[in-house]
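This report refers to the structure that appears directly beneath it.
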Amino acid sequence: VIFKNSADASIIVAQEIAGLIRTKQEKNKKCVLGLATGSSPIKVYQELVRMHKEEGLSFDNVVTFNLDEYYPMPKESNQSYYYFMHQHLFNHVDIRPENINIPDGTVALEDLNQFCVDYEMNIKNAGGLDFQLLGIGRTGHVGFNEPGSHINSGTRIITLDHITKVDASGDFNGIGNVPKKAITMGVSTILRSKRIVLMAWGQNKASIIKRTIQGDISSEVPATFLQNHNNTTFVLDEGAASEL
Ligand code: GLP
């Protein structure tokens with residue numbers, strides 16, 4: 001779906017998420033959301049906060065699982081995805097702290113594998129993801145599933161692609177300060193979500209969006225695996241859609 005601008009598009013995406021939360025509330029069920037960081041979802045979170053404050057949208061039944069986190073990364077660092085999520089969403093709504101799940105950038109190296117296994121298990125035990133929000137990196141990554149990521153991959157530690165580090169260098173005051181690794185949900189974790197919305201804004205995403213939607217399905221562009229998911233929508237602005 002192509003919108004004139006990201007502001008209009010973000011409101012539609014926020015409305016879908018709010019609708020899902022309310023539908024689950026009516027049935028007394030939890031709503032399990034997979035959430036993303038980066039600049040792309042910021043306006044969606046703004047709109048959800050507005051709906052909470054002005055329209056009484058409650059997050060009391062919401063359980064969240066974030067896609068990824070840099071490794072290593074202290075929670076309190078303003079570069080952490082933990083910090084980002086609290087700043088943009090969690091601090092402003094009535095979500096229960098125990099319902100927030102974000103990969104932990106402080107886990108000891110020897111405990112990482114178990115942490116990743118547990119993260120997958122926690123998603124499963126929550127009933128699976130009802131909705132997964134995604135951005136896309138210029139490498140074609142979703143979460144931090146960089147080129148080479150297998151379709152069957154689960155939550156794990158990965159090495160960041162050079163292009164991803166270049167794109168993150170502004171947040172870290174130079175590429176040398178960007179963490180080399182990250183914990184990310186896997187491709188299979190994402191593909192098991194019942195509904196997926198991938199958002200991309202601006203001309204600098206146009207070429208990876210063309211490869212993602214019109215290119216061959218391949219682990220060289222992990223986002224192409226979404227082509228075979230039966231309930232995925234790509235929400236684009238005119239810039240991101242300009243090469244389609
Ligand atoms: C980071 C995140 C991704 C995100 C991507 C794009 O690498 N790990 O989940 O989709 O950046 O970021 P932006 O939305 O700022 O373009």
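The way I read the labels, and the way they are meant: chains A, B, ... in the order of the structure tokens, residue 1 as the first residue of every chain, and ligand 1 as the first ligand shown, with later ones counted on from there.
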
For Val178 (chain A), please output as an mmCIF file with C-alpha atoms, in the first residue's frame all residues within 7 Å (counting only C-alpha atoms; exclusion window: fewer than 2 positions along the same chain).
data_model
loop_
_atom_site.group_PDB
_atom_site.id
_atom_site.type_symbol
_atom_site.label_atom_id
_atom_site.label_comp_id
_atom_site.auth_asym_id
_atom_site.auth_seq_id
_atom_site.Cartn_x
_atom_site.Cartn_y
_atom_site.Cartn_z
ATOM 1 C CA LYS A 165 26.994 -0.103 11.033
ATOM 2 C CA ALA A 168 23.933 3.392 12.798
ATOM 3 C CA SER A 169 27.165 5.405 13.039
ATOM 4 C CA PHE A 172 27.030 6.191 18.030
ATOM 5 C CA ILE A 175 31.286 3.648 13.123
ATOM 6 C CA GLY A 176 34.038 2.518 15.510
ATOM 7 C CA LYS A 180 29.663 -5.403 16.253
#

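With only C-alpha atoms and all ligand atoms counted, the chains near ligand 1 contribute these residues within 7 Å: A:Ala36, A:Thr37, A:Gly38, A:Ser39, A:Ser40, A:Pro41, A:Leu67, A:Asp68, A:Leu134, A:Gly135, A:Ile136, A:Gly137, A:Val142, A:Gly143, A:Phe144, A:Thr164.
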
Residues of the last selection are to be written out with C-alpha atoms, as an mmCIF file, in the first residue's frame.
data_model
loop_
_atom_site.group_PDB
_atom_site.id
_atom_site.type_symbol
_atom_site.label_atom_id
_atom_site.label_comp_id
_atom_site.auth_asym_id
_atom_site.auth_seq_id
_atom_site.Cartn_x
_atom_site.Cartn_y
_atom_site.Cartn_z
ATOM 1 C CA ALA A 36 10.454 -2.658 16.037
ATOM 2 C CA THR A 37 12.865 0.203 16.651
ATOM 3 C CA GLY A 38 14.525 2.630 14.243
ATOM 4 C CA SER A 39 13.052 5.829 12.831
ATOM 5 C CA SER A 40 10.321 4.107 10.784
ATOM 6 C CA PRO A 41 7.887 3.175 13.616
ATOM 7 C CA LEU A 67 12.802 -7.718 17.577
ATOM 8 C CA ASP A 68 16.332 -6.982 18.590
ATOM 9 C CA LEU A 134 8.832 -4.225 10.900
ATOM 10 C CA GLY A 135 11.156 -1.672 9.392
ATOM 11 C CA ILE A 136 13.803 -2.641 6.878
ATOM 12 C CA GLY A 137 17.527 -1.964 6.769
ATOM 13 C CA VAL A 142 14.341 -7.363 9.168
ATOM 14 C CA GLY A 143 15.111 -7.185 12.864
ATOM 15 C CA PHE A 144 18.854 -7.673 12.551
ATOM 16 C CA THR A 164 24.113 -1.444 8.944
#

>> Give me the residues near Asp104 (chain A) as number ranges by chain, where near means some atom within 8 Å (using only C-alpha atoms) and where sequence neighbours in that chain fewer than 3 positions away do not count.
In response: A: 69, 73, 75, 107, 183

Closest contacts (region 74-131 of chain A/region 11-25 of chain A, max 12 Å, only C-alpha atoms) as a Markdown table:
| residue | atom | partner | partner_atom | distance |
| --- | --- | --- | --- | --- |
| A:Ile95 | CA | A:Ile21 | CA | 11.8 |
| A:Leu129 | CA | A:Leu20 | CA | 12.0 |
| A:Asp130 | CA | A:Leu20 | CA | 8.5 |
| A:Phe131 | CA | A:Ile17 | CA | 7.8 |

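Across A:Ser10, A:Thr139, A:Asn228, A:Ser80, the tightest approach to Lys205 (chain A) is made by A:Thr139 when counting only C-alpha atoms.
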
>> For a quick check of understanding, using only C-alpha atoms, which of A:Gly174, A:Ala206, A:Glu98, A:Met199 has the smallest distance to Val1 (chain A)?
In response: A:Met199

>> When DSSP is applied to the backbone of this structure, which of region 108-241 of chain A are assigned strand (DSSP E or B)? Write them out as a ChimeraX atom specification.
In response: /A:131-134,142,145,156-159,181-184,196-200,218,221,232-237

Restricted to C-alpha atoms, what would the selected residues look like written as a short mmCIF file (atom, residue, chain, number, x, y, z; two decimals), in the first residue's frame?
data_model
loop_
_atom_site.label_atom_id
_atom_site.label_comp_id
_atom_site.auth_asym_id
_atom_site.auth_seq_id
_atom_site.Cartn_x
_atom_site.Cartn_y
_atom_site.Cartn_z
CA PHE A 131 1.10 -8.79 14.93
CA GLN A 132 4.68 -7.98 13.97
CA LEU A 133 5.71 -4.45 13.08
CA LEU A 134 8.83 -4.23 10.90
CA VAL A 142 14.34 -7.36 9.17
CA ASN A 145 18.61 -10.67 10.22
CA ARG A 156 20.25 -15.68 18.10
CA ILE A 157 23.32 -13.48 18.19
CA ILE A 158 24.43 -12.12 14.81
CA THR A 159 27.26 -9.99 13.42
CA LYS A 181 26.89 -7.75 17.27
CA ALA A 182 23.21 -7.87 18.13
CA ILE A 183 20.59 -10.27 19.45
CA THR A 184 17.72 -10.65 17.01
CA ILE A 196 3.09 -8.64 9.55
CA VAL A 197 3.31 -4.98 8.54
CA LEU A 198 6.61 -3.74 7.10
CA MET A 199 6.98 0.03 6.84
CA ALA A 200 9.52 1.92 4.73
CA SER A 218 16.85 -15.42 -1.16
CA VAL A 221 17.86 -10.22 1.03
CA THR A 232 1.96 -9.38 5.17
CA THR A 233 1.43 -5.81 4.00
CA PHE A 234 4.20 -3.47 2.88
CA VAL A 235 3.24 0.08 3.86
CA LEU A 236 5.28 2.59 1.86
CA ASP A 237 5.44 6.27 1.18
#

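Every protein, DNA or RNA residue with an atom at most 6 Å from Met185 (chain A), where only C-alpha atoms count and chain neighbours fewer than 2 positions away do not, is listed here: Leu67, Gly154, Thr155 and Thr189 of chain A.
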
Restricting it to N, CA and C atoms, dump the selection as a compact mmCIF listing (two decimals), in the first residue's frame.
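Writing the result to out35.txt gives the following:
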# COMPACT_ATOMS: atom_id res chain seq x y z
N LEU A 67 12.04 -6.94 18.56
CA LEU A 67 12.80 -7.72 17.58
C LEU A 67 14.25 -7.95 17.98
N GLY A 154 16.19 -18.86 14.19
CA GLY A 154 15.46 -18.41 15.37
C GLY A 154 16.22 -17.28 16.05
N THR A 155 15.77 -16.91 17.25
CA THR A 155 16.45 -15.85 18.00
C THR A 155 17.89 -16.25 18.27
N THR A 189 11.08 -16.83 13.42
CA THR A 189 10.31 -16.24 14.52
C THR A 189 9.34 -15.21 13.94

>> Using only C-alpha atoms for the distances, tell me which of A:Glu243, A:Gly202, A:Ala108, A:Ser219 is nearest to Phe3 (chain A).
In response: A:Gly202

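For the pair CA of Pro179 (chain A) and CA of Tyr71 (chain A), the interatomic distance is 6.3 Å.
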
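Each of A:Ala241, A:Ile209, A:Val63, A:Ile42 was compared to Met85 (chain A) using only C-alpha atoms, and A:Ile42 turns out to be the nearest.
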
> If you run DSSP on the backbone, which residues of region 21-241 of chain A are alpha helix (DSSP H), as a PyMOL selection string?
Replying inline: chain A and resi 21-26+42-55+81-88+112-125+162-168+187-191+206-214

> Taking into account only C-alpha atoms, which residue in the set A:Glu55, A:Asp161, A:Asp60, A:Asp8 is nearest to Val93 (chain A)?
Replying inline: A:Asp60
